[in-house]
Structure formats: structure tokens, C-alpha cells
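So this one's structure.txt, compact mmCIF, C-alpha atoms:
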```txt
# COMPACT_ATOMS: atom_id res chain seq x y z
CA MET F 250 -72.41 -52.46 35.32
CA ALA F 251 -70.29 -50.42 37.76
CA GLN F 252 -67.13 -52.38 36.90
CA VAL F 253 -67.58 -51.76 33.18
CA ASP F 254 -67.93 -48.11 33.92
CA ILE F 255 -64.65 -47.91 35.82
CA LYS F 256 -62.68 -49.65 33.09
CA THR F 257 -64.33 -47.56 30.44
CA LYS F 258 -63.66 -44.41 32.45
CA GLU F 259 -59.98 -45.32 32.68
CA GLU F 260 -59.84 -45.98 28.98
CA PHE F 261 -61.61 -42.69 28.36
CA GLN F 262 -59.12 -40.90 30.57
CA ARG F 263 -56.18 -42.52 28.76
CA GLU F 264 -57.52 -41.50 25.39
CA ILE F 265 -58.10 -37.92 26.53
CA GLU F 266 -54.58 -37.69 27.90
CA GLY F 267 -53.25 -39.16 24.66
CA LEU F 268 -55.23 -36.61 22.68
CA GLU F 269 -54.01 -33.70 24.78
CA SER F 270 -50.40 -34.80 24.57
CA LYS F 271 -50.66 -35.18 20.78
CA GLN F 272 -52.17 -31.71 20.55
CA LYS F 273 -49.31 -30.20 22.54
CA GLN F 274 -46.77 -32.00 20.37
CA ILE F 275 -48.51 -30.82 17.23
CA SER F 276 -48.41 -27.19 18.47
CA LYS F 277 -44.67 -27.44 19.09
CA CYS F 278 -44.05 -29.04 15.72
CA VAL F 279 -46.12 -26.42 13.95
CA GLU F 280 -44.00 -23.73 15.63
CA VAL F 281 -40.81 -25.40 14.43
CA HIS F 282 -42.31 -25.76 10.97
CA GLU F 283 -43.20 -22.08 10.80
CA LYS F 284 -39.73 -21.08 11.93
CA LEU F 285 -38.16 -23.32 9.28
CA GLU F 286 -40.43 -21.86 6.63
CA GLY F 287 -39.34 -18.37 7.60
CA GLN F 288 -35.68 -19.34 7.38
CA LEU F 289 -36.21 -21.06 4.05
CA ASN F 290 -37.85 -17.99 2.56
CA GLU F 291 -35.14 -15.69 3.90
CA ASN F 292 -32.39 -17.84 2.45
CA LYS F 293 -34.18 -18.16 -0.88
CA ILE F 294 -34.39 -14.37 -1.11
CA VAL F 295 -30.68 -14.04 -0.26
CA LYS F 296 -29.83 -16.62 -2.94
CA GLU F 297 -31.80 -14.61 -5.51
CA GLU F 298 -29.93 -11.45 -4.54
CA LEU F 299 -26.57 -13.23 -4.74
CA ASP F 300 -27.43 -14.58 -8.18
CA LEU F 301 -27.80 -11.03 -9.43
CA LEU F 302 -24.20 -10.20 -8.52
CA ASP F 303 -21.02 -10.35 -10.61
CA SER F 304 -18.32 -12.73 -9.43
CA ASP F 305 -16.09 -9.87 -8.38
CA THR F 306 -18.63 -8.17 -6.08
CA LYS F 307 -17.53 -7.96 -2.48
CA VAL F 308 -19.67 -10.11 -0.17
CA TYR F 309 -19.35 -10.32 3.60
CA LYS F 310 -20.68 -12.92 6.01
CA GLN F 311 -21.51 -11.85 9.54
CA THR F 312 -20.13 -13.95 12.36
CA GLY F 313 -20.93 -12.22 15.63
CA PRO F 314 -19.93 -8.55 15.39
CA VAL F 315 -17.49 -9.24 12.55
CA LEU F 316 -18.06 -9.11 8.80
CA VAL F 317 -15.78 -11.58 7.04
CA LYS F 318 -15.08 -11.23 3.34
CA GLN F 319 -16.41 -14.09 1.24
CA ASP F 320 -16.21 -15.09 -2.39
CA VAL F 321 -19.52 -14.55 -4.22
CA ASP F 322 -19.56 -18.07 -5.65
CA GLU F 323 -18.72 -19.60 -2.26
CA ALA F 324 -21.54 -17.60 -0.71
CA LYS F 325 -23.94 -18.77 -3.41
CA VAL F 326 -23.03 -22.41 -2.75
CA ALA F 327 -23.29 -21.95 1.01
CA VAL F 328 -26.74 -20.39 0.79
CA GLN F 329 -27.90 -23.01 -1.71
CA ASN F 330 -26.81 -25.73 0.70
CA ARG F 331 -28.72 -24.07 3.49
CA VAL F 332 -31.81 -23.91 1.30
CA SER F 333 -31.52 -27.65 0.54
CA TYR F 334 -30.92 -28.52 4.18
CA ILE F 335 -33.85 -26.46 5.43
CA SER F 336 -36.11 -27.95 2.74
CA THR F 337 -35.28 -31.47 3.94
CA GLU F 338 -35.85 -30.52 7.57
CA LEU F 339 -39.15 -28.92 6.60
CA LYS F 340 -40.32 -32.10 4.87
CA LYS F 341 -39.35 -34.16 7.94
CA GLN F 342 -41.39 -31.85 10.16
CA GLU F 343 -44.36 -32.12 7.85
CA LYS F 344 -44.20 -35.91 8.11
CA VAL F 345 -44.00 -35.73 11.92
CA ILE F 346 -47.00 -33.42 12.01
CA GLN F 347 -48.96 -35.70 9.69
CA ASP F 348 -48.24 -38.73 11.85
CA LEU F 349 -49.23 -36.86 15.00
CA GLN F 350 -52.46 -35.76 13.35
CA LYS F 351 -53.23 -39.36 12.41
CA GLY F 352 -52.66 -40.34 16.03
CA GLN F 353 -54.92 -37.50 17.08
CA GLU F 354 -57.70 -38.76 14.80
CA GLN F 355 -57.31 -42.25 16.26
CA HIS F 356 -57.76 -40.90 19.78
CA LYS F 357 -60.82 -38.95 18.68
CA GLU F 358 -62.33 -42.07 17.09
CA LYS F 359 -61.75 -44.12 20.24
CA LEU F 360 -63.30 -41.38 22.35
CA LYS F 361 -66.38 -41.34 20.13
CA GLN F 362 -66.67 -45.12 20.42
CA ILE F 363 -66.32 -45.02 24.20
CA GLN F 364 -68.87 -42.24 24.47
CA SER F 365 -71.42 -44.19 22.46
CA ARG F 366 -70.81 -47.22 24.71
CA LEU F 367 -71.36 -45.12 27.81
CA THR F 368 -74.61 -43.66 26.55
CA PRO F 369 -77.40 -46.21 27.22
CA PRO F 370 -78.97 -47.33 23.92
CA THR F 371 -82.47 -46.09 24.86
CA ALA F 372 -81.23 -42.61 25.58
CA GLN F 373 -79.12 -42.29 22.42
CA LYS F 374 -79.82 -39.28 20.30
CA ALA F 375 -82.06 -40.01 17.32
CA MET A 34 -75.97 -6.65 3.87
CA ALA A 35 -76.08 -10.19 5.22
CA ALA A 36 -78.44 -11.39 2.51
CA PRO A 37 -76.05 -11.88 -0.44
CA ALA A 38 -73.43 -13.73 1.60
CA GLN A 39 -76.04 -15.99 3.12
CA GLY A 40 -76.50 -17.57 -0.27
CA GLN A 41 -73.13 -19.34 0.03
CA GLU A 42 -72.06 -19.69 3.64
CA GLY A 43 -75.39 -18.78 5.22
CA VAL A 44 -76.70 -22.26 4.52
CA GLN A 45 -74.00 -23.85 6.62
CA LEU A 46 -73.65 -21.10 9.20
CA ASN A 47 -77.35 -21.05 9.88
CA SER A 48 -77.29 -24.68 10.95
CA LEU A 49 -74.74 -24.04 13.71
CA THR A 50 -75.71 -23.73 17.34
CA PRO A 51 -75.15 -20.41 19.16
CA GLN A 52 -72.25 -22.03 21.00
CA GLN A 53 -70.61 -23.07 17.75
CA LEU A 54 -71.22 -19.64 16.29
CA LYS A 55 -69.55 -18.05 19.28
CA MET A 56 -66.52 -20.32 18.90
CA LEU A 57 -66.34 -19.57 15.20
CA HIS A 58 -66.59 -15.87 15.93
CA ASN A 59 -63.70 -16.08 18.40
CA GLN A 60 -61.61 -18.06 15.97
CA LEU A 61 -62.23 -15.56 13.18
CA SER A 62 -61.40 -12.67 15.52
CA GLU A 63 -58.08 -14.29 16.35
CA GLU A 64 -57.30 -14.89 12.69
CA VAL A 65 -58.09 -11.30 11.78
CA GLU A 66 -55.88 -10.16 14.66
CA VAL A 67 -52.93 -12.29 13.57
CA LEU A 68 -53.23 -11.24 9.93
CA SER A 69 -53.50 -7.57 10.92
CA MET A 70 -50.33 -7.87 12.96
CA SER A 71 -48.54 -9.45 10.02
CA MET A 72 -49.78 -6.61 7.86
CA GLN A 73 -48.39 -4.13 10.36
CA THR A 74 -44.99 -5.85 10.33
CA LEU A 75 -44.92 -5.70 6.54
CA LYS A 76 -45.73 -1.98 6.61
CA THR A 77 -43.06 -1.23 9.22
CA THR A 78 -40.43 -3.18 7.30
CA GLN A 79 -41.37 -1.37 4.12
CA GLN A 80 -40.99 1.93 5.95
CA ARG A 81 -37.49 0.95 7.10
CA TYR A 82 -36.44 0.12 3.54
CA LEU A 83 -37.82 3.46 2.42
CA GLU A 84 -35.79 5.26 5.07
CA SER A 85 -32.65 3.36 4.04
CA LYS A 86 -33.22 4.29 0.42
CA GLU A 87 -33.78 7.94 1.26
CA SER A 88 -30.71 8.13 3.48
CA LEU A 89 -28.66 7.11 0.45
CA SER A 90 -29.48 10.36 -1.21
CA GLU A 91 -27.35 12.07 1.41
CA LEU A 92 -24.31 10.12 0.22
CA LYS A 93 -23.46 12.69 -2.37
CA GLU A 94 -20.00 13.16 -3.89
CA ASP A 95 -19.81 16.69 -2.52
CA ASN A 96 -20.27 15.37 1.02
CA VAL A 97 -17.03 13.41 0.87
CA GLY A 98 -14.54 14.64 3.43
CA LYS A 99 -17.23 16.28 5.53
CA ASP A 100 -17.35 15.66 9.29
CA MET A 101 -19.93 13.20 10.50
CA LEU A 102 -20.84 11.21 13.62
CA VAL A 103 -20.35 7.47 13.25
CA PRO A 104 -22.51 5.23 15.48
CA LEU A 105 -20.64 2.54 17.40
CA ASN A 106 -23.89 1.40 18.91
CA SER A 107 -27.25 3.01 19.44
CA SER A 108 -25.95 5.35 22.16
CA VAL A 109 -22.29 5.89 21.25
CA TYR A 110 -21.04 7.91 18.33
CA VAL A 111 -17.54 8.91 17.26
CA PRO A 112 -16.65 11.84 15.08
CA GLY A 113 -15.37 10.88 11.64
CA GLN A 114 -15.29 11.91 8.03
CA LEU A 115 -17.18 10.59 5.04
CA ALA A 116 -14.49 8.71 3.11
CA ASP A 117 -16.37 7.19 0.23
CA ALA A 118 -19.77 8.11 -1.13
CA SER A 119 -19.75 5.73 -4.07
CA THR A 120 -20.33 2.36 -2.40
CA VAL A 121 -22.28 1.05 0.56
CA VAL A 122 -22.49 -2.33 2.29
CA VAL A 123 -26.07 -3.60 2.39
CA ASP A 124 -27.60 -6.29 4.60
CA ILE A 125 -29.33 -8.71 2.23
CA GLY A 126 -30.47 -11.07 4.97
CA ALA A 127 -29.33 -14.38 6.52
CA GLY A 128 -26.16 -12.67 7.81
CA TYR A 129 -24.89 -11.69 4.37
CA TYR A 130 -23.76 -8.20 3.44
CA VAL A 131 -22.96 -7.04 -0.07
CA GLU A 132 -20.99 -4.06 -1.26
CA LYS A 133 -23.04 -2.15 -3.77
CA SER A 134 -22.84 1.15 -5.57
CA VAL A 135 -25.31 3.74 -4.36
CA LYS A 136 -27.42 3.15 -7.47
CA GLU A 137 -27.44 -0.64 -7.00
CA ALA A 138 -28.38 -0.19 -3.35
CA GLN A 139 -31.27 2.07 -4.28
CA GLU A 140 -32.45 -0.54 -6.77
CA PHE A 141 -32.14 -3.20 -4.07
CA PHE A 142 -34.32 -1.25 -1.66
CA LYS A 143 -36.86 -0.59 -4.39
CA ARG A 144 -37.01 -4.35 -5.15
CA LYS A 145 -37.59 -5.06 -1.48
CA MET A 146 -40.31 -2.45 -1.17
CA ASP A 147 -42.07 -3.76 -4.27
CA PHE A 148 -41.88 -7.30 -2.92
CA LEU A 149 -43.42 -6.20 0.37
CA LYS A 150 -46.13 -4.31 -1.47
CA GLN A 151 -46.98 -7.53 -3.35
CA GLN A 152 -47.18 -9.47 -0.11
CA MET A 153 -49.40 -6.84 1.48
CA GLU A 154 -51.71 -6.98 -1.53
CA LYS A 155 -52.00 -10.73 -0.99
CA VAL A 156 -52.83 -10.44 2.71
CA GLN A 157 -55.32 -7.58 2.53
CA PRO A 158 -58.22 -9.40 0.75
CA ASN A 159 -57.79 -12.27 3.21
CA ILE A 160 -58.23 -9.95 6.17
CA GLN A 161 -61.26 -8.34 4.63
CA SER A 162 -63.08 -11.53 3.80
CA LYS A 163 -62.44 -13.00 7.26
CA PHE A 164 -63.61 -9.78 8.85
CA GLN A 165 -66.82 -9.84 6.82
CA THR A 166 -67.46 -13.48 7.67
CA LYS A 167 -66.89 -12.63 11.31
CA GLN A 168 -69.51 -9.90 11.14
CA ILE A 169 -72.00 -12.22 9.49
CA VAL A 170 -71.40 -14.79 12.20
CA ALA A 171 -71.90 -12.14 14.89
CA GLN A 172 -75.19 -11.12 13.29
CA LEU A 173 -76.40 -14.73 13.06
CA LEU A 174 -75.38 -15.31 16.66
CA GLN A 175 -77.36 -12.30 17.78
CA ASN A 176 -80.39 -13.43 15.78
CA LYS A 177 -80.27 -16.92 17.27
CA MET A 178 -79.87 -15.64 20.82
CA MET A 179 -82.88 -13.36 20.36
CA ALA A 180 -84.89 -16.22 18.87
CA GLN A 181 -83.99 -18.39 21.87
CA ALA A 182 -84.95 -15.64 24.30
CA ASN A 183 -88.30 -15.23 22.56
CA GLN A 184 -88.93 -18.97 22.74
CA THR A 185 -88.31 -19.22 26.47
CA ALA A 186 -90.46 -16.20 27.31
CA PRO A 187 -93.32 -16.33 24.85
CA GLN A 188 -95.72 -14.68 27.28
CA LYS A 189 -94.02 -11.35 27.28
CA ALA A 190 -96.47 -8.76 26.11
```
Take the structure I supplied and represent it as C-alpha cells, if you would.
Amino acid sequence: MAQVDIKTKEEFQREIEGLESKQKQISKCVEVHEKLEGQLNENKIVKEELDLLDSDTKVYKQTGPVLVKQDVDEAKVAVQNRVSYISTELKKQEKVIQDLQKGQEQHKEKLKQIQSRLTPPTAQKA
Amino acid sequence: MAAPAQGQEGVQLNSLTPQQLKMLHNQLSEEVEVLSMSMQTLKTTQQRYLESKESLSELKEDNVGKDMLVPLNSSVYVPGQLADASTVVVDIGAGYYVEKSVKEAQEFFKRKMDFLKQQMEKVQPNIQSKFQTKQIVAQLLQNKMMAQANQTAPQKA
């Protein structure tokens, strides 16, 4: 009986560590996801503003402390590309988060199973 | 006050243990806090756009040529003269700046302020409903704790 307990305890410990590590990873990924969402929205808004402009309007792009003149159409393309890029990155992050959550659920399931093994059958909750 | 809401959520909430209610209460408090902070950011940003818009009204044609102080950074200014009151360069976000006429710039700021107003109108009901749920949970928690206390000391006069 004692030997089973030790092995089960180790398994339990492994699952808990796995769960905690997944949770930390999920938090980080959610942060990245939120940041990407913010950038996506900002760039979408900028694209909308650029679309309202005539082709001869003066547009400047900031690089460091310098504003560099840009062509309106070039700017539109650049921002559109950024929007596409960020959208793809966002989808990737969502997939990563989903996979991590699946892993998290698996750990939780294992933990439940282990717990029910540890609890003696006679003392199990009705 | 708790009666009408109990019809929907009360059925589920009532079946939670005091510990679960406490956790739920904490979670709701956090959510309300985060949403309120977002709300505050929206209001501050809206205020900044308003100030930008109002400062444009100083860019009048009859101010051209007048002396002014030009900021080089937040603590250093140089004396200069207003050269052109017809166009301004506006930060539209993501590192892009656009030259606009004063009128176009005013329209831009108005668009931004309206957008923010819309967003605030979306957030506000959310905050309120979470806050109300939080209060209901607090009430239920209190009731349960009192019921528990009465159970453990039934002999109190």
C-alpha cells in the first residue's frame, strides 16, 4: 500500500507541476495576444484614416525623432501589410493558447483520476 | 433588491459554498476594477483629443506672424513665430502623421471623440452588471455565513 502511495504521489506531483507550468505559459501567451490585438486595432484605425485621404495629402512616418515624408498609397499598403501580418500572428497565438488549454485540461483530468484513486472507496463522497 | 435577480442567477449562486462565493466575489471585484481603469483611460484620452481640438481654434489667420514659444521638449522652449495657420500635422497613430487643414483636423478629433464615446457606452453597462452581481454575491455570502454561525451555536438565547 505504501509503495503505491509513493508512486501515485510522484505522479500527482508531476501533474501539478505540469498544470502550473501550462498555466504560466497560458498567462504569457494571453499577454502577447492582448498586445497583438491592441496593435491590430490601432493599425486598422490608421488604415481607415489613410483611406479617407486624397493621394496628394502629405503623410509622414515617424522613425525615432524624425518624421519622414511618405506617399499616401505607399503608407496605405504598408499599414495594410501590417494588419495582415498581425492578424496571422494573432491566429497563431490563439492556436498556441488553445493547445495549452487542452494540455491543461488533460492535467486536470489526470489529477482527478489520481485523487479518486487515493481516496479509499469506502470513504468516497456519496 | 436581491429578489428579482435571484430568479436567474440566484438559483446557481445559492448552491455555492461560502468559500466559492468569496472567490467569486474577489474575481468580480477584480473585473470591475480592471473595467473601471479602462473606462478611466478612455475618458482621459477623450479629454486629450478635446484639448487638441480646442487648441486648434487658436490657430487663427490673424495670429500668423505673432511671436510664440515653440517646445523642443517638455522643459525647453524656443521663441518663434507662427508661420502657417492653415495646416497642421496630426498624429493618427502607429507612427503615422498626416498634414491636414485646420478644419480636417477638427473633424478628425471629433471622429476620435465620438469613437471613444461609443466604446465607453459599450463598457459602462458591463461594469454596472458585474458590480450588481458582485453585490448580490456579497449579500448571499453574508447570509450563508450568518446561517452557518446560527447552526454552530443554536443554544444562544
**Study point:** Selected residue, from F:Arg366, F:Lys318, F:Lys273, F:Lys258, that lies nearest to F:Thr306 when counting all atoms listed in the file
**Key:**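 Using all atoms listed in the file, the shortest distance to F:Thr306 belongs to F:Lys318.
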Review point. How many Å lie between atom CA of A:Ser48 and atom CA of F:Lys357, rounded to one decimal?
Key: 23.1 Å
With a distance threshold of 10 Å and counting all atoms listed in the file, extract the residues of chain A near chain F and express them as a JSON list (two decimals) with C-alpha atoms, in the coordinates of the input.
```
[["chain", "number", "residue", "atom", "x", "y", "z"],
["A", 122, "VAL", "CA", -22.49, -2.33, 2.29],
["A", 123, "VAL", "CA", -26.07, -3.60, 2.39],
["A", 124, "ASP", "CA", -27.60, -6.29, 4.60],
["A", 125, "ILE", "CA", -29.33, -8.71, 2.23],
["A", 126, "GLY", "CA", -30.47, -11.07, 4.97],
["A", 127, "ALA", "CA", -29.33, -14.38, 6.52],
["A", 128, "GLY", "CA", -26.16, -12.67, 7.81],
["A", 129, "TYR", "CA", -24.89, -11.69, 4.37],
["A", 130, "TYR", "CA", -23.76, -8.20, 3.44],
["A", 131, "VAL", "CA", -22.96, -7.04, -0.07],
["A", 132, "GLU", "CA", -20.99, -4.06, -1.26],
["A", 133, "LYS", "CA", -23.04, -2.15, -3.77],
["A", 141, "PHE", "CA", -32.14, -3.20, -4.07],
["A", 145, "LYS", "CA", -37.59, -5.06, -1.48]]
```
**Study point:** Distance query A:Ser69 at most 8 Å, only C-alpha atoms, self and fewer than 4 positions along chain excluded, as a PyMOL selection string
**Key:** chain A and resi 65+73+160
Check your understanding: Quick one: residues within 9 Å of stretch 77-83 of chain A, all atoms listed in the file counted, chain neighbours fewer than 5 positions away excluded, as number ranges by chain?
Key -> A: 72, 88, 142-143, 145-147, 149-150
Please save C-alpha atoms of the selected residues as a PDB file, in the frame of the given file.
```pdb
ATOM      1  CA  MET A  72     -49.780  -6.610   7.860  1.00  0.00           C
ATOM      2  CA  SER A  88     -30.710   8.130   3.480  1.00  0.00           C
ATOM      3  CA  PHE A 142     -34.320  -1.250  -1.660  1.00  0.00           C
ATOM      4  CA  LYS A 143     -36.860  -0.590  -4.390  1.00  0.00           C
ATOM      5  CA  LYS A 145     -37.590  -5.060  -1.480  1.00  0.00           C
ATOM      6  CA  MET A 146     -40.310  -2.450  -1.170  1.00  0.00           C
ATOM      7  CA  ASP A 147     -42.070  -3.760  -4.270  1.00  0.00           C
ATOM      8  CA  LEU A 149     -43.420  -6.200   0.370  1.00  0.00           C
ATOM      9  CA  LYS A 150     -46.130  -4.310  -1.470  1.00  0.00           C
TER      10      LYS A 150
END
```
Practice item. Just the residues within 10 Å of F:Leu339, please, counting all atoms listed in the file, with nothing from its chain fewer than 6 positions along; format it as JSON, numbers by chain. Key: {"F": [281, 282, 283, 284, 285, 286, 289, 333, 345]}
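Straight-line separation from atom CA of A:Ser71 to atom CA of A:Met153: 9.0 Å.
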Revision key, fill the gap. A:Gln168 proximity check over A:Ser62, A:Gln52, A:Gln152, A:Asn47, using all atoms listed in the file: winner is A:Ser62
Practice item. One decimal, Å: what's the distance from atom CA of A:Ala118 over to atom CA of A:Glu140, could you say? Key: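 Taking atom CA of A:Ala118 and atom CA of A:Glu140, their separation equals 16.4 Å.
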